[in-house]
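Notes for the one structure printed next.
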Amino acid sequence: MERADTLAARDIRSLIHPFTNLAQLGIDGPLVIDRGEGVYVYDQDGRRYLEGMAGLWSTALGFSEQRLVRAAEAQLRRLPTYHLFGGKSHAPAIELAERLLAMAPVPMARTMFVGSGSEANDSALKLVRYYHHARGKPHKRKMISRVRGYHGVTLAAASLTGLPHAHRDFGLPLEGFLHADCPHYYRHGLPGETEEQFAARLADNLERLILREGPDTVGAFIAEPVMGAGGVIIPPASYFEKIQAVLRKHDVLLIADEVITGFGRTGAMFGCETFGIRPDLITLAKALSAGYLPIGAVLISPPIAEVMLEQSRKIGTFGHGFTFMGHPACAAVALRTLEIYVEDDVLGHVRAVAPLFAARLRELALHPLVGHARAVGLVGALELMADRVQKVPFDPALAVGPRVVARALEEGVILRPIGDIVSFCPPLVISAAEIDELFDAVSRALNRVADELGSEARDRVA
Ligand SMILES: Cc1ncc(COP(=O)(O)O)c(C=O)c1O
């Protein structure tokens with residue numbers, strides 16, 4: 001075959017890839033994935049990789065769950081597409097809405113479906129504005145998220161996201177989006193400061209921010225229970241307790257972005273349970289359908305739902321919605337996914353293997369390239385450091401994180417670098433033997449990079 005006709009060459013000519021160096025991709029070419037089986041995917045040459053990131057933090061049940069395939073097929077045969085506008089409805093959306101309300105970590109009154117995590121957060125922000133407006137507080141519109149939070153990429157969701165590359169040259173964040181401190185104790189805790197003291201300092205800073213902006217102008221605070229794409233940052237002890245006290249005091253709503261943490265990732269069904277969070281709105285996507293079809297949701301608290309009903313009595317139509325909101329095939333697959341989580345006791349499995357996952361990760365904390373290892377449930381990270389005692393990062397030009405991930409790929413494992421943080425988020429169904437295989441490969445990858453750095457340093461001296 002002519003090289004110009006390979007899938008890789010055609011990809012480079014035709015596709016835009018998200019969060020990718022497009023120029024570099026033109027040189028390196030894409031990794032074309034052909035099929036999946038269990039926790040593994042195979043490239044077009046038949047090479048097998050353990051998917052250490054569950055795709056994009058989403059493929060909770062692995063890549064070959066036939067029960068989901070059958071659910072999609074049955075629904076596509078019966079009613080392949082329909083909508084919820086103007087009071088139309090269908091059973092998959094109704095049943096899924098009920099099921100989500102029944103399993104929600106705090107009492108929730110209504111489910112609103114969307115197509116993605118970004119749409120979920122964007123829609124949640126609109127509900128915050130609508131709610132405050134209806135209560136006669138139309139100026140409570142500013143939104144607070146956190147440095148290194150990730151909430152998606154629509155104009156509003158990207159404004160919430162606290163990562164420079166989501167803003168740069170897009171003219172973002174939009175006005176009225178504020179970023180509070182990143183709760184990364186390992187990097188930002190002061191010498192001698194306990195986790196609780198660090199959490200208290202961040203809560204004080206948040207209160208100062210709200211007072212400076214004016215509490216009458218601040219609508220909501222949004223947080224991932226565990227920050228994902230910002231580097232798997234697990235909140236310090238008492239963080240959410242202290243933050244929530246500040247929010248309550250100033251009548252600021254709390255949105256829990258459970259797009260990654262929802263459905264078992266942290267060892268409880270929701271991250272809100274793991275960290276004692278009582279939100280007003282919960283946003284969901286990814287593992288809601290085990291990543292098989294695109295669907296997200298916003299869970300809405302009773303007071304907000306009541307205001308929405310009241311507004312309709314007053315002004316008529318609730319003016320928000322997407323064509324594919326609650327799409328029947330997506331909803332049917334999501335419903336079957338939630339059934340499988342219970343039928344197969346996926347949560348029990350996560351709790352059973354999480355100690356091994358954490359132990360294997362912590363072992364790597366002893367590796368000379370690693371400064372910090374952290375895990376909760378089946379999500380974790382290694383933070384690489386040039387000097388682990390003094391916490392001195394590597395020179396970014398060395399690209400140590402990307403190198404470790406590249407070597408891991410050669411060793412048959414797909415991971416993701418976030419600068420010099422290597423993140424782990426395997427399918428929830430990963431077995432103990434597969435966890436060992438994952439960390440054995442990562443260990444070899446770290447050794448290879450340590451050797452490379454050592455010989456490069458020697459070459460520089462020579
Ligand atoms: C916590 C969180 N919120 C929101 C999003 C955005 O979801 P989507 O990519 O489906 O728009 C993501 C995606 O990674 C996420 O991790």
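We name chains A, B, ... following the order of the structure tokens; residues begin at 1 in each chain, and ligands are numbered from 1 as shown.
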Contact residues around stretch 342-353 of chain A with only C-alpha atoms at 8 Å, ignoring same-chain residues under 5 positions, as an mmCIF file with C-alpha atoms, in the first residue's frame:
data_model
loop_
_atom_site.group_PDB
_atom_site.id
_atom_site.type_symbol
_atom_site.label_atom_id
_atom_site.label_comp_id
_atom_site.auth_asym_id
_atom_site.auth_seq_id
_atom_site.Cartn_x
_atom_site.Cartn_y
_atom_site.Cartn_z
ATOM 1 C CA GLY A 264 -17.411 3.867 41.600
ATOM 2 C CA ARG A 265 -14.115 5.451 40.626
ATOM 3 C CA GLY A 267 -14.396 3.329 45.829
ATOM 4 C CA ALA A 268 -17.870 4.726 46.593
ATOM 5 C CA MET A 269 -20.616 5.165 44.011
ATOM 6 C CA GLY A 377 -10.165 3.886 44.639
ATOM 7 C CA LEU A 378 -8.956 3.158 41.117
ATOM 8 C CA LEU A 428 -13.078 -0.504 37.010
ATOM 9 C CA VAL A 429 -13.204 -4.193 36.029
ATOM 10 C CA SER A 431 -8.255 -7.767 37.707
ATOM 11 C CA ALA A 432 -5.482 -8.109 40.281
#
Per residue of chain A within 10 Å of ligand 1, note the shortest atom pair and the distance in Å to one decimal, counting only C-alpha atoms and all ligand atoms, and order the rows by chain and increasing residue number, as a tab-separated table.
residue	atom	partner	partner_atom_place_in_ligand_line	distance
A:Pro18	CA	ligand 1	9 (O)	9.8
A:Leu56	CA	ligand 1	14 (O)	6.5
A:Trp57	CA	ligand 1	14 (O)	7.0
A:Ser58	CA	ligand 1	14 (O)	8.6
A:Val114	CA	ligand 1	10 (O)	9.7
A:Gly115	CA	ligand 1	10 (O)	7.5
A:Ser116	CA	ligand 1	10 (O)	3.8
A:Gly117	CA	ligand 1	7 (O)	3.2
A:Ser118	CA	ligand 1	11 (O)	3.5
A:Glu119	CA	ligand 1	11 (O)	6.3
A:Ala120	CA	ligand 1	4 (C)	7.7
A:Asn121	CA	ligand 1	4 (C)	6.9
A:Asp122	CA	ligand 1	11 (O)	9.5
A:Gly149	CA	ligand 1	1 (C)	7.5
A:Tyr150	CA	ligand 1	2 (C)	5.3
A:His151	CA	ligand 1	4 (C)	3.8
A:Gly152	CA	ligand 1	6 (C)	3.6
A:Val153	CA	ligand 1	11 (O)	6.4
A:Thr154	CA	ligand 1	11 (O)	7.8
A:Ala157	CA	ligand 1	4 (C)	7.8
A:Ala158	CA	ligand 1	6 (C)	9.1
A:Leu160	CA	ligand 1	4 (C)	9.8
A:Thr161	CA	ligand 1	3 (N)	8.6
A:Ala223	CA	ligand 1	1 (C)	8.3
A:Glu224	CA	ligand 1	1 (C)	5.7
A:Pro225	CA	ligand 1	1 (C)	8.6
A:Val226	CA	ligand 1	1 (C)	8.3
A:Met227	CA	ligand 1	1 (C)	6.8
A:Gly228	CA	ligand 1	16 (O)	5.7
A:Ala229	CA	ligand 1	16 (O)	5.9
A:Gly230	CA	ligand 1	16 (O)	8.8
A:Ala256	CA	ligand 1	1 (C)	9.1
A:Asp257	CA	ligand 1	1 (C)	5.6
A:Glu258	CA	ligand 1	1 (C)	6.2
A:Val259	CA	ligand 1	1 (C)	4.7
A:Ile260	CA	ligand 1	1 (C)	5.1
A:Thr261	CA	ligand 1	1 (C)	7.6
A:Gly262	CA	ligand 1	1 (C)	9.5
A:Thr283	CA	ligand 1	3 (N)	7.8
A:Leu284	CA	ligand 1	3 (N)	7.9
A:Ala285	CA	ligand 1	10 (O)	6.2
A:Lys286	CA	ligand 1	10 (O)	6.5
A:Gly291	CA	ligand 1	10 (O)	9.5
A:Pro294	CA	ligand 1	10 (O)	7.7
A:Ile295	CA	ligand 1	10 (O)	8.1
A:Gly296	CA	ligand 1	10 (O)	7.5
Residues just named, written with C-alpha atoms as an mmCIF file, in the first residue's frame:
data_model
loop_
_atom_site.group_PDB
_atom_site.id
_atom_site.type_symbol
_atom_site.label_atom_id
_atom_site.label_comp_id
_atom_site.auth_asym_id
_atom_site.auth_seq_id
_atom_site.Cartn_x
_atom_site.Cartn_y
_atom_site.Cartn_z
ATOM 1 C CA PRO A 18 -8.331 17.302 20.687
ATOM 2 C CA LEU A 56 -10.552 9.069 28.690
ATOM 3 C CA TRP A 57 -11.343 8.144 32.315
ATOM 4 C CA SER A 58 -14.545 6.570 31.045
ATOM 5 C CA VAL A 114 -27.107 16.259 28.133
ATOM 6 C CA GLY A 115 -24.623 14.815 25.669
ATOM 7 C CA SER A 116 -21.294 15.321 27.430
ATOM 8 C CA GLY A 117 -19.491 16.529 30.529
ATOM 9 C CA SER A 118 -18.979 19.981 29.031
ATOM 10 C CA GLU A 119 -22.674 20.283 28.252
ATOM 11 C CA ALA A 120 -23.484 19.097 31.773
ATOM 12 C CA ASN A 121 -21.371 21.837 33.339
ATOM 13 C CA ASP A 122 -22.507 24.480 30.883
ATOM 14 C CA GLY A 149 -9.737 22.077 37.678
ATOM 15 C CA TYR A 150 -11.012 20.543 34.439
ATOM 16 C CA HIS A 151 -14.646 21.034 33.509
ATOM 17 C CA GLY A 152 -14.684 20.796 29.724
ATOM 18 C CA VAL A 153 -14.266 23.004 26.702
ATOM 19 C CA THR A 154 -17.416 24.896 25.691
ATOM 20 C CA ALA A 157 -16.916 25.092 30.679
ATOM 21 C CA ALA A 158 -13.484 26.104 29.362
ATOM 22 C CA LEU A 160 -14.301 27.104 34.499
ATOM 23 C CA THR A 161 -11.358 24.925 33.550
ATOM 24 C CA ALA A 223 -15.305 21.286 42.093
ATOM 25 C CA GLU A 224 -14.329 17.807 41.025
ATOM 26 C CA PRO A 225 -14.209 15.622 44.167
ATOM 27 C CA VAL A 226 -10.811 14.456 42.859
ATOM 28 C CA MET A 227 -9.263 16.676 40.204
ATOM 29 C CA GLY A 228 -8.623 14.500 37.170
ATOM 30 C CA ALA A 229 -7.060 16.135 34.131
ATOM 31 C CA GLY A 230 -5.338 18.706 36.375
ATOM 32 C CA ALA A 256 -20.028 18.672 42.165
ATOM 33 C CA ASP A 257 -18.441 17.733 38.853
ATOM 34 C CA GLU A 258 -18.590 13.931 39.099
ATOM 35 C CA VAL A 259 -17.794 13.423 35.419
ATOM 36 C CA ILE A 260 -14.735 11.328 36.349
ATOM 37 C CA THR A 261 -15.493 10.360 39.933
ATOM 38 C CA GLY A 262 -19.097 9.216 39.412
ATOM 39 C CA THR A 283 -22.820 16.780 36.755
ATOM 40 C CA LEU A 284 -22.242 13.336 35.257
ATOM 41 C CA ALA A 285 -21.015 11.801 31.965
ATOM 42 C CA LYS A 286 -18.284 9.286 30.976
ATOM 43 C CA GLY A 291 -18.174 5.418 27.729
ATOM 44 C CA PRO A 294 -22.290 9.828 24.594
ATOM 45 C CA ILE A 295 -24.567 10.868 27.430
ATOM 46 C CA GLY A 296 -24.322 13.116 30.468
#
Can you tell me, as a list in words, what residues are no more than 8 Å from stretch 29-33 of chain A when counting only C-alpha atoms, ignoring any on the same chain fewer than 3 positions away?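 Surrounding residues, per the criterion: Leu7, Ala8, Ala9, Asp11, Ile12, Leu25, Gly26, Val41, Tyr42, Asp43 and Gln44 of chain A.
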Could you give me, as a ChimeraX atom specification, each residue of stretch 87-216 of chain A that DSSP assigns to helix (DSSP H, G or I) when run on this structure's backbone? /A:87,91-103,117-134,155-160,164-167,185-188,195-213,215-216
All strand (DSSP E) residues (DSSP, backbone) inside stretch 306-384 of chain A, as a PyMOL selection string: chain A and resi 370-376+379-384
Would you mind listing what lies within 8 Å of A:Phe85 as a PyMOL selection string, with only C-alpha atoms counted and same-chain residues fewer than 2 positions away left out? chain A and resi 83+87-88+321+323
Would you save the residues of that selection, restricted to all heavy atoms, as a CSV table (one decimal), in the first residue's frame?
chain,number,residue,atom,x,y,z
A,83,HIS,N,-36.8,12.6,21.0
A,83,HIS,CA,-36.4,13.8,21.7
A,83,HIS,C,-37.3,14.0,22.9
A,83,HIS,O,-38.3,13.3,23.0
A,83,HIS,CB,-36.3,15.0,20.8
A,83,HIS,CG,-37.7,15.4,20.3
A,83,HIS,ND1,-38.5,16.2,21.0
A,83,HIS,CD2,-38.4,15.0,19.3
A,83,HIS,CE1,-39.7,16.4,20.4
A,83,HIS,NE2,-39.6,15.6,19.3
A,87,GLY,N,-42.5,18.3,25.8
A,87,GLY,CA,-43.2,17.3,26.6
A,87,GLY,C,-43.2,15.9,26.0
A,87,GLY,O,-43.9,15.0,26.5
A,88,LYS,N,-42.5,15.6,24.9
A,88,LYS,CA,-42.4,14.3,24.3
A,88,LYS,C,-41.5,13.5,25.3
A,88,LYS,O,-40.6,14.0,26.0
A,88,LYS,CB,-41.7,14.3,23.0
A,88,LYS,CG,-42.5,15.1,21.9
A,88,LYS,CD,-43.8,14.6,21.6
A,88,LYS,CE,-44.4,15.3,20.4
A,88,LYS,NZ,-44.6,16.8,20.6
A,321,GLY,N,-32.2,23.3,26.1
A,321,GLY,CA,-32.4,21.9,25.7
A,321,GLY,C,-31.5,21.6,24.5
A,321,GLY,O,-31.2,22.4,23.7
A,323,THR,N,-30.9,18.7,21.2
A,323,THR,CA,-31.6,17.7,20.4
A,323,THR,C,-31.4,16.3,20.9
A,323,THR,O,-32.4,15.5,21.0
A,323,THR,CB,-31.0,17.7,18.9
A,323,THR,OG1,-31.3,19.0,18.4
A,323,THR,CG2,-31.7,16.7,18.0
Determine the nearest neighbour of A:Ala71 from the options A:Ala23, A:Ala332, A:Ile16, A:Ile233, counting only C-alpha atoms.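 Among the listed residues, A:Ala332 lies closest to A:Ala71.
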Within 10 Å of stretch 305-319 of chain A using only C-alpha atoms, minus same-chain residues under 5 positions, as a ChimeraX atom specification: /A:86,108-111,127,130-135,299-300
Extract, using only C-alpha atoms, all DNA, RNA and protein residues at most 7 Å from A:Ala381, discarding same-chain residues fewer than 3 positions from it, and format them as a list in words.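 Selected residues are Val232, Ala373, Arg374, Ala375, Ile421, Val422, Ser423 and Phe424 of chain A.
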Those same residues - N, CA and C atoms - I'd like them written as a PDB file, in the first residue's frame.
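See out.pdb below for the written result:
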ATOM      1  N   VAL A 232      -4.777  14.457  38.881  1.00  0.00           N
ATOM      2  CA  VAL A 232      -5.261  13.541  39.931  1.00  0.00           C
ATOM      3  C   VAL A 232      -4.897  14.106  41.313  1.00  0.00           C
ATOM      4  N   ALA A 373       3.377   9.661  45.166  1.00  0.00           N
ATOM      5  CA  ALA A 373       2.413   8.720  44.587  1.00  0.00           C
ATOM      6  C   ALA A 373       1.117   8.873  45.361  1.00  0.00           C
ATOM      7  N   ARG A 374      -0.007   8.890  44.655  1.00  0.00           N
ATOM      8  CA  ARG A 374      -1.293   9.047  45.349  1.00  0.00           C
ATOM      9  C   ARG A 374      -2.365   8.239  44.633  1.00  0.00           C
ATOM     10  N   ALA A 375      -3.321   7.772  45.416  1.00  0.00           N
ATOM     11  CA  ALA A 375      -4.417   6.994  44.841  1.00  0.00           C
ATOM     12  C   ALA A 375      -5.617   7.063  45.753  1.00  0.00           C
ATOM     13  N   ILE A 421       3.301  14.720  35.702  1.00  0.00           N
ATOM     14  CA  ILE A 421       2.434  13.822  36.471  1.00  0.00           C
ATOM     15  C   ILE A 421       1.951  12.729  35.519  1.00  0.00           C
ATOM     16  N   VAL A 422       2.104  11.480  35.945  1.00  0.00           N
ATOM     17  CA  VAL A 422       1.605  10.355  35.143  1.00  0.00           C
ATOM     18  C   VAL A 422       0.333   9.858  35.817  1.00  0.00           C
ATOM     19  N   SER A 423      -0.775   9.888  35.072  1.00  0.00           N
ATOM     20  CA  SER A 423      -2.056   9.535  35.698  1.00  0.00           C
ATOM     21  C   SER A 423      -2.480   8.115  35.330  1.00  0.00           C
ATOM     22  N   PHE A 424      -3.228   7.525  36.257  1.00  0.00           N
ATOM     23  CA  PHE A 424      -3.704   6.142  36.126  1.00  0.00           C
ATOM     24  C   PHE A 424      -5.202   6.130  36.404  1.00  0.00           C
TER      25      PHE A 424
END
How many Å lie between atom CA of A:Asp204 and atom CA of A:Gly371, rounded to one decimal?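 Going from atom CA of A:Asp204 over to atom CA of A:Gly371 covers 28.3 Å.
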For A:Phe19, which residue out of A:Thr59, A:His165, A:Ala290, A:Phe275 is the nearest one, using only C-alpha atoms? A:His165
For A:His184, please output as a PyMOL selection string all residues within 10 Å (counting only C-alpha atoms; exclusion window: fewer than 6 positions along the same chain). chain A and resi 148+195+198-199+227+231-236
Keeping N, CA and C atoms, export the residues of the selection given above as a CSV table (one decimal), in the first residue's frame.
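Result went into part-v6.csv, see below:
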chain,number,residue,atom,x,y,z
A,148,ARG,N,-6.3,24.5,38.0
A,148,ARG,CA,-6.1,23.1,37.6
A,148,ARG,C,-7.3,22.2,37.6
A,195,GLU,N,-2.4,19.0,56.8
A,195,GLU,CA,-3.4,19.0,55.8
A,195,GLU,C,-4.6,19.9,56.2
A,198,PHE,N,-3.7,23.5,55.9
A,198,PHE,CA,-3.7,23.9,54.5
A,198,PHE,C,-5.1,24.1,54.0
A,199,ALA,N,-6.0,23.1,54.4
A,199,ALA,CA,-7.4,23.3,54.0
A,199,ALA,C,-8.1,24.5,54.6
A,227,MET,N,-9.6,16.1,41.5
A,227,MET,CA,-9.3,16.7,40.2
A,227,MET,C,-8.6,15.6,39.3
A,231,GLY,N,-4.3,16.6,37.2
A,231,GLY,CA,-3.1,15.9,37.8
A,231,GLY,C,-3.5,14.9,38.9
A,232,VAL,N,-4.8,14.5,38.9
A,232,VAL,CA,-5.3,13.5,39.9
A,232,VAL,C,-4.9,14.1,41.3
A,233,ILE,N,-5.6,15.2,41.7
A,233,ILE,CA,-5.3,15.8,42.9
A,233,ILE,C,-6.4,15.5,43.9
A,234,ILE,N,-6.0,14.8,45.0
A,234,ILE,CA,-6.9,14.3,46.0
A,234,ILE,C,-7.0,15.4,47.1
A,235,PRO,N,-8.2,15.8,47.4
A,235,PRO,CA,-8.3,16.9,48.4
A,235,PRO,C,-7.7,16.6,49.8
A,236,PRO,N,-7.1,17.5,50.4
A,236,PRO,CA,-6.5,17.3,51.8
A,236,PRO,C,-7.7,17.1,52.8
Rounded to one decimal in Å, what is the spacing between atom CA of A:Met103 and atom CA of A:Arg146?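 Atom-to-atom, atom CA of A:Met103 and atom CA of A:Arg146 are spaced 27.4 Å apart.
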Here is a test: counting only C-alpha atoms, which residue of A:Leu79, A:His139, A:Glu51, A:Arg201 is nearest to A:Cys425?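 So, comparing all the options, the nearest one is A:Glu51.
For the pair atom CA of A:Arg444 and atom CA of A:Arg48, the separation is 17.0 Å.
Take the candidates A:Tyr292, A:Phe322, A:Phe394, A:Phe357 and check each one against A:Ala60 using only C-alpha atoms; the shortest distance goes to A:Tyr292.
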Which residue, A:Phe263, A:Tyr341, A:Phe240, A:Phe439, has the smallest gap to A:Arg360 when you use only C-alpha atoms? A:Phe439
From the options A:Gly326, A:Gly214, A:Gly454, A:Pro191, which residue's atoms come nearest to A:Ala297, counting only C-alpha atoms?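 Counting only C-alpha atoms, the residue closest to A:Ala297 is A:Gly326.
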